[in-house]
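In what follows, a structure is listed as structure tokens, so that the remarks can point back to it.
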Amino acid sequence: WGLRDNAVLVGLVGRLDPVKDHPAFLAAAARVRHVFPKIRFVVIGDGPQDYLEKLQGMTAGLGLYDAVRWEHDRQDIRQVYNALDILCLSSKGEGFPNVIAEAMACAVPCAATRVGDVPLIIGETGRIVQPENAAELSEALIELISFAPEKPRILGEKAAQRIRTYFGVDNLIQETMLVLKATVEKK
């Protein structure tokens with residue numbers, strides 16, 4: 001995306017839908033940019049053109065036009081995650097947000113809203129905030145960005161380990177076998 005190697009990049013990956021609360025993300029981004037003027041953001045996802053235009057207008061109104069890049073859905077999502085320093089999820093509601101697990105598997109720390117299984121997925125490897133609270137979301141992002149350069153890398157490595165341990169294929173097989181065994185024993 002033409003960024004310098006030392007530029008911090010925060011990404012939001014998700015369809016353009018009001019439930020994803022892009023306005024809260026943009027408001028948080030504006031607050032973060034006051035602290036870190038060189039920070040950059042990328043929003044990846046598709047949705048209705050009129051909603052995209054509304055969000056882009058909000059971006060300009062917040063003074064973020066040159067700091068936010070809008071991208072359509074990408075097939076090279078692993079490369080996208082690996083380009084990010086932090087993934088942000090600003091949703092008002094989720095079940096098991098795959099973007100969190102995918103980013104963590106790529107050793108990217110996350111700042112996310114407390115929706116669905118987010119606390120279970122992230123554990124202590126990122127920051128979790130209340131939904132629809134741009135101020136709290138910006139504080140979480142600022143905290144992650146402010147860490148010494150090695151801390152986000154350490155959090156990212158812990159995040160990847162957490163995904164492998166609790167959500168990997170081996171764990172899935174083991175947990176499925178336990179459920180099947182308990183079901184058979186009940187009969």
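Each chain in the structure tokens gets a letter, A, B, ..., in the order shown, and its residues are numbered from 1; ligands are numbered from 1 in order too.
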Using only C-alpha atoms, find each residue of segment 45-83 of chain A with at least one atom at most 6 Å away from an atom of segment 15-33 of chain A; report its shortest atom-to-atom pair and that distance in Å (one decimal), sort the rows by chain and rising residue number, and return the result as JSON lines.
```
{"residue": "A:Gly45", "atom": "CA", "partner": "A:Arg15", "partner_atom": "CA", "distance": 4.4}
{"residue": "A:Asp46", "atom": "CA", "partner": "A:Arg15", "partner_atom": "CA", "distance": 5.1}
{"residue": "A:Gly47", "atom": "CA", "partner": "A:Leu16", "partner_atom": "CA", "distance": 4.5}
```
Excluding same-chain residues fewer than 6 positions from segment 104-115 of chain A, what lies within 6 Å of it counting only C-alpha atoms, as a compact mmCIF listing (two decimals) with all heavy atoms, in the first residue's frame?
```
# COMPACT_ATOMS: atom_id res chain seq x y z
N ILE A 86 -1.88 -3.96 13.81
CA ILE A 86 -3.00 -4.21 14.73
C ILE A 86 -4.25 -4.41 13.89
O ILE A 86 -4.48 -3.70 12.92
CB ILE A 86 -3.22 -3.02 15.68
CG1 ILE A 86 -1.98 -2.78 16.54
CG2 ILE A 86 -4.45 -3.25 16.57
CD1 ILE A 86 -2.00 -1.46 17.28
N LEU A 87 -5.08 -5.38 14.30
CA LEU A 87 -6.40 -5.54 13.69
C LEU A 87 -7.42 -4.96 14.66
O LEU A 87 -7.32 -5.17 15.87
CB LEU A 87 -6.74 -7.00 13.43
CG LEU A 87 -8.14 -7.17 12.84
CD1 LEU A 87 -8.09 -7.08 11.33
CD2 LEU A 87 -8.81 -8.43 13.29
N CYS A 88 -8.38 -4.25 14.13
CA CYS A 88 -9.44 -3.66 14.95
C CYS A 88 -10.79 -4.24 14.52
O CYS A 88 -11.07 -4.34 13.32
CB CYS A 88 -9.43 -2.15 14.78
SG CYS A 88 -10.63 -1.32 15.83
N LEU A 89 -11.59 -4.62 15.49
CA LEU A 89 -12.96 -5.05 15.24
C LEU A 89 -13.85 -4.13 16.05
O LEU A 89 -13.75 -4.09 17.28
CB LEU A 89 -13.16 -6.51 15.67
CG LEU A 89 -14.58 -7.02 15.46
CD1 LEU A 89 -14.66 -7.82 14.16
CD2 LEU A 89 -15.03 -7.88 16.62
N SER A 90 -14.71 -3.38 15.38
CA SER A 90 -15.56 -2.40 16.06
C SER A 90 -17.03 -2.80 16.06
O SER A 90 -17.90 -1.98 16.32
CB SER A 90 -15.39 -1.03 15.38
OG SER A 90 -15.67 -1.12 14.00
N GLY A 93 -22.16 -6.48 17.09
CA GLY A 93 -22.61 -7.84 17.33
C GLY A 93 -21.85 -8.81 16.45
O GLY A 93 -21.53 -8.48 15.31
N GLU A 94 -21.53 -9.95 16.98
CA GLU A 94 -20.81 -11.01 16.27
C GLU A 94 -21.15 -12.34 16.93
O GLU A 94 -21.65 -12.38 18.05
CB GLU A 94 -19.29 -10.82 16.34
CG GLU A 94 -18.74 -9.64 15.60
CD GLU A 94 -18.64 -9.84 14.10
OE1 GLU A 94 -18.75 -10.99 13.62
OE2 GLU A 94 -18.47 -8.84 13.39
N GLY A 126 -4.73 -9.26 23.59
CA GLY A 126 -5.08 -8.02 22.92
C GLY A 126 -5.88 -7.15 23.87
O GLY A 126 -5.78 -7.30 25.08
N ARG A 127 -6.70 -6.27 23.33
CA ARG A 127 -7.52 -5.38 24.15
C ARG A 127 -8.97 -5.51 23.72
O ARG A 127 -9.28 -5.55 22.53
CB ARG A 127 -7.05 -3.92 24.01
CG ARG A 127 -5.64 -3.69 24.51
CD ARG A 127 -5.55 -3.97 26.02
NE ARG A 127 -4.20 -3.88 26.52
CZ ARG A 127 -3.37 -4.91 26.70
NH1 ARG A 127 -3.74 -6.13 26.38
NH2 ARG A 127 -2.17 -4.71 27.20
N ILE A 128 -9.87 -5.55 24.73
CA ILE A 128 -11.30 -5.72 24.49
C ILE A 128 -12.02 -4.55 25.13
O ILE A 128 -11.76 -4.21 26.29
CB ILE A 128 -11.80 -7.06 25.06
CG1 ILE A 128 -11.00 -8.22 24.45
CG2 ILE A 128 -13.29 -7.22 24.81
CD1 ILE A 128 -11.21 -9.54 25.15
N VAL A 129 -12.95 -3.93 24.37
CA VAL A 129 -13.67 -2.75 24.84
C VAL A 129 -15.17 -2.94 24.61
O VAL A 129 -15.59 -3.84 23.89
CB VAL A 129 -13.17 -1.48 24.13
CG1 VAL A 129 -11.68 -1.29 24.33
CG2 VAL A 129 -13.51 -1.51 22.64
N GLN A 130 -15.94 -2.06 25.20
CA GLN A 130 -17.39 -2.11 25.02
C GLN A 130 -17.75 -1.66 23.60
O GLN A 130 -17.12 -0.76 23.05
CB GLN A 130 -18.08 -1.21 26.05
CG GLN A 130 -17.95 -1.72 27.47
CD GLN A 130 -18.44 -3.15 27.62
OE1 GLN A 130 -19.52 -3.50 27.17
NE2 GLN A 130 -17.63 -3.98 28.26
N PRO A 131 -18.78 -2.27 23.02
CA PRO A 131 -19.22 -1.84 21.69
C PRO A 131 -19.77 -0.42 21.71
O PRO A 131 -20.21 0.08 22.75
CB PRO A 131 -20.31 -2.84 21.31
CG PRO A 131 -20.52 -3.73 22.46
CD PRO A 131 -19.54 -3.38 23.53
N LEU A 155 2.92 -9.85 21.99
CA LEU A 155 1.48 -10.11 22.05
C LEU A 155 1.01 -10.90 20.84
O LEU A 155 0.18 -11.80 20.94
CB LEU A 155 0.70 -8.79 22.14
CG LEU A 155 0.57 -8.14 23.49
CD1 LEU A 155 -0.15 -6.81 23.38
CD2 LEU A 155 -0.13 -9.04 24.48
N GLY A 156 1.53 -10.54 19.67
CA GLY A 156 1.17 -11.26 18.44
C GLY A 156 1.57 -12.72 18.50
O GLY A 156 0.81 -13.61 18.10
N GLU A 157 2.76 -12.99 19.01
CA GLU A 157 3.21 -14.38 19.14
C GLU A 157 2.34 -15.15 20.13
O GLU A 157 1.99 -16.30 19.90
CB GLU A 157 4.68 -14.41 19.57
CG GLU A 157 5.63 -13.97 18.47
CD GLU A 157 7.07 -13.77 18.95
OE1 GLU A 157 7.36 -14.03 20.14
OE2 GLU A 157 7.89 -13.35 18.12
N ALA A 159 -0.77 -14.43 20.74
CA ALA A 159 -2.05 -14.58 20.05
C ALA A 159 -2.02 -15.79 19.12
O ALA A 159 -2.96 -16.59 19.10
CB ALA A 159 -2.39 -13.31 19.27
N ALA A 160 -0.95 -15.92 18.35
CA ALA A 160 -0.82 -17.06 17.43
C ALA A 160 -0.80 -18.37 18.21
O ALA A 160 -1.45 -19.36 17.81
CB ALA A 160 0.43 -16.90 16.57
N ILE A 163 -4.32 -19.25 19.40
CA ILE A 163 -5.14 -19.82 18.32
C ILE A 163 -4.77 -21.27 18.07
O ILE A 163 -5.64 -22.14 17.95
CB ILE A 163 -5.02 -18.97 17.03
CG1 ILE A 163 -5.66 -17.59 17.23
CG2 ILE A 163 -5.64 -19.69 15.83
CD1 ILE A 163 -7.14 -17.61 17.58
```
Exercise for the section: Would you please extract all alpha helix (DSSP H) residues from segment 81-120 of chain A, as assigned by DSSP on the backbone, and give them as a count of residues only? Expected result: 14
Practice task
Quick one: everything within 12 Å of Lys38 of chain A, counting only C-alpha atoms, minus sequence neighbours fewer than 2 positions away in the same chain. Send it as a ChimeraX atom specification.
Solution key: /A:3-4,6-10,29-30,32-36,40-41,64,66-68,145
Exercise for the section: Select, from A:Asp85, A:Gln79, A:Gly57, A:Leu172, the residue with the minimum atom-to-atom distance to Glu150 of chain A, counting only C-alpha atoms. Expected result: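 Once distances to Glu150 of chain A are computed over only C-alpha atoms, the minimum belongs to A:Asp85.
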Practice task
Assign secondary structure with DSSP using the backbone only, and return the residues of chain A in strand (DSSP E or B) as a list in words.
Solution key: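 For chain A, the strand (DSSP E or B) set is Leu9, Val10, Gly11, Leu12, Val13, Arg40, Phe41, Val42, Val43, Ile44, Val68, Arg69, Trp70, Glu71, Ile86, Leu87, Cys88, Leu89, Cys110, Ala111, Ala112, Thr113, Arg127, Ile128 and Val129 of chain A.
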Residues just named, written with C-alpha atoms as an mmCIF file, in the first residue's frame:
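The resulting file, out-v2.cif, is reproduced below:
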```cif
data_model
loop_
_atom_site.group_PDB
_atom_site.id
_atom_site.type_symbol
_atom_site.label_atom_id
_atom_site.label_comp_id
_atom_site.auth_asym_id
_atom_site.auth_seq_id
_atom_site.Cartn_x
_atom_site.Cartn_y
_atom_site.Cartn_z
ATOM 1 C CA LEU A 9 -0.955 0.208 10.078
ATOM 2 C CA VAL A 10 -4.264 -0.563 11.770
ATOM 3 C CA GLY A 11 -6.781 -2.562 9.776
ATOM 4 C CA LEU A 12 -10.454 -3.352 9.911
ATOM 5 C CA VAL A 13 -11.498 -6.352 7.832
ATOM 6 C CA ARG A 40 -2.367 4.781 8.699
ATOM 7 C CA PHE A 41 -5.568 2.744 8.518
ATOM 8 C CA VAL A 42 -6.974 0.319 5.983
ATOM 9 C CA VAL A 43 -10.588 -0.814 5.731
ATOM 10 C CA ILE A 44 -11.099 -3.982 3.714
ATOM 11 C CA VAL A 68 -7.524 5.750 5.528
ATOM 12 C CA ARG A 69 -7.323 3.454 2.541
ATOM 13 C CA TRP A 70 -10.472 1.676 1.356
ATOM 14 C CA GLU A 71 -9.998 -1.747 -0.242
ATOM 15 C CA ILE A 86 -2.996 -4.213 14.727
ATOM 16 C CA LEU A 87 -6.403 -5.536 13.691
ATOM 17 C CA CYS A 88 -9.443 -3.660 14.946
ATOM 18 C CA LEU A 89 -12.961 -5.054 15.236
ATOM 19 C CA CYS A 110 -6.229 -7.188 18.145
ATOM 20 C CA ALA A 111 -8.307 -4.414 19.660
ATOM 21 C CA ALA A 112 -11.938 -5.484 19.542
ATOM 22 C CA THR A 113 -15.368 -4.894 20.980
ATOM 23 C CA ARG A 127 -7.516 -5.378 24.148
ATOM 24 C CA ILE A 128 -11.298 -5.717 24.486
ATOM 25 C CA VAL A 129 -13.671 -2.753 24.840
#
```
Practice task
Find, counting only C-alpha atoms, the residue in A:Gly2, A:Gly63, A:Pro37, A:Gly123 that gets nearest to Lys158 of chain A.
Solution key: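 Answer, going by the shortest atom-to-atom distance: A:Gly123.
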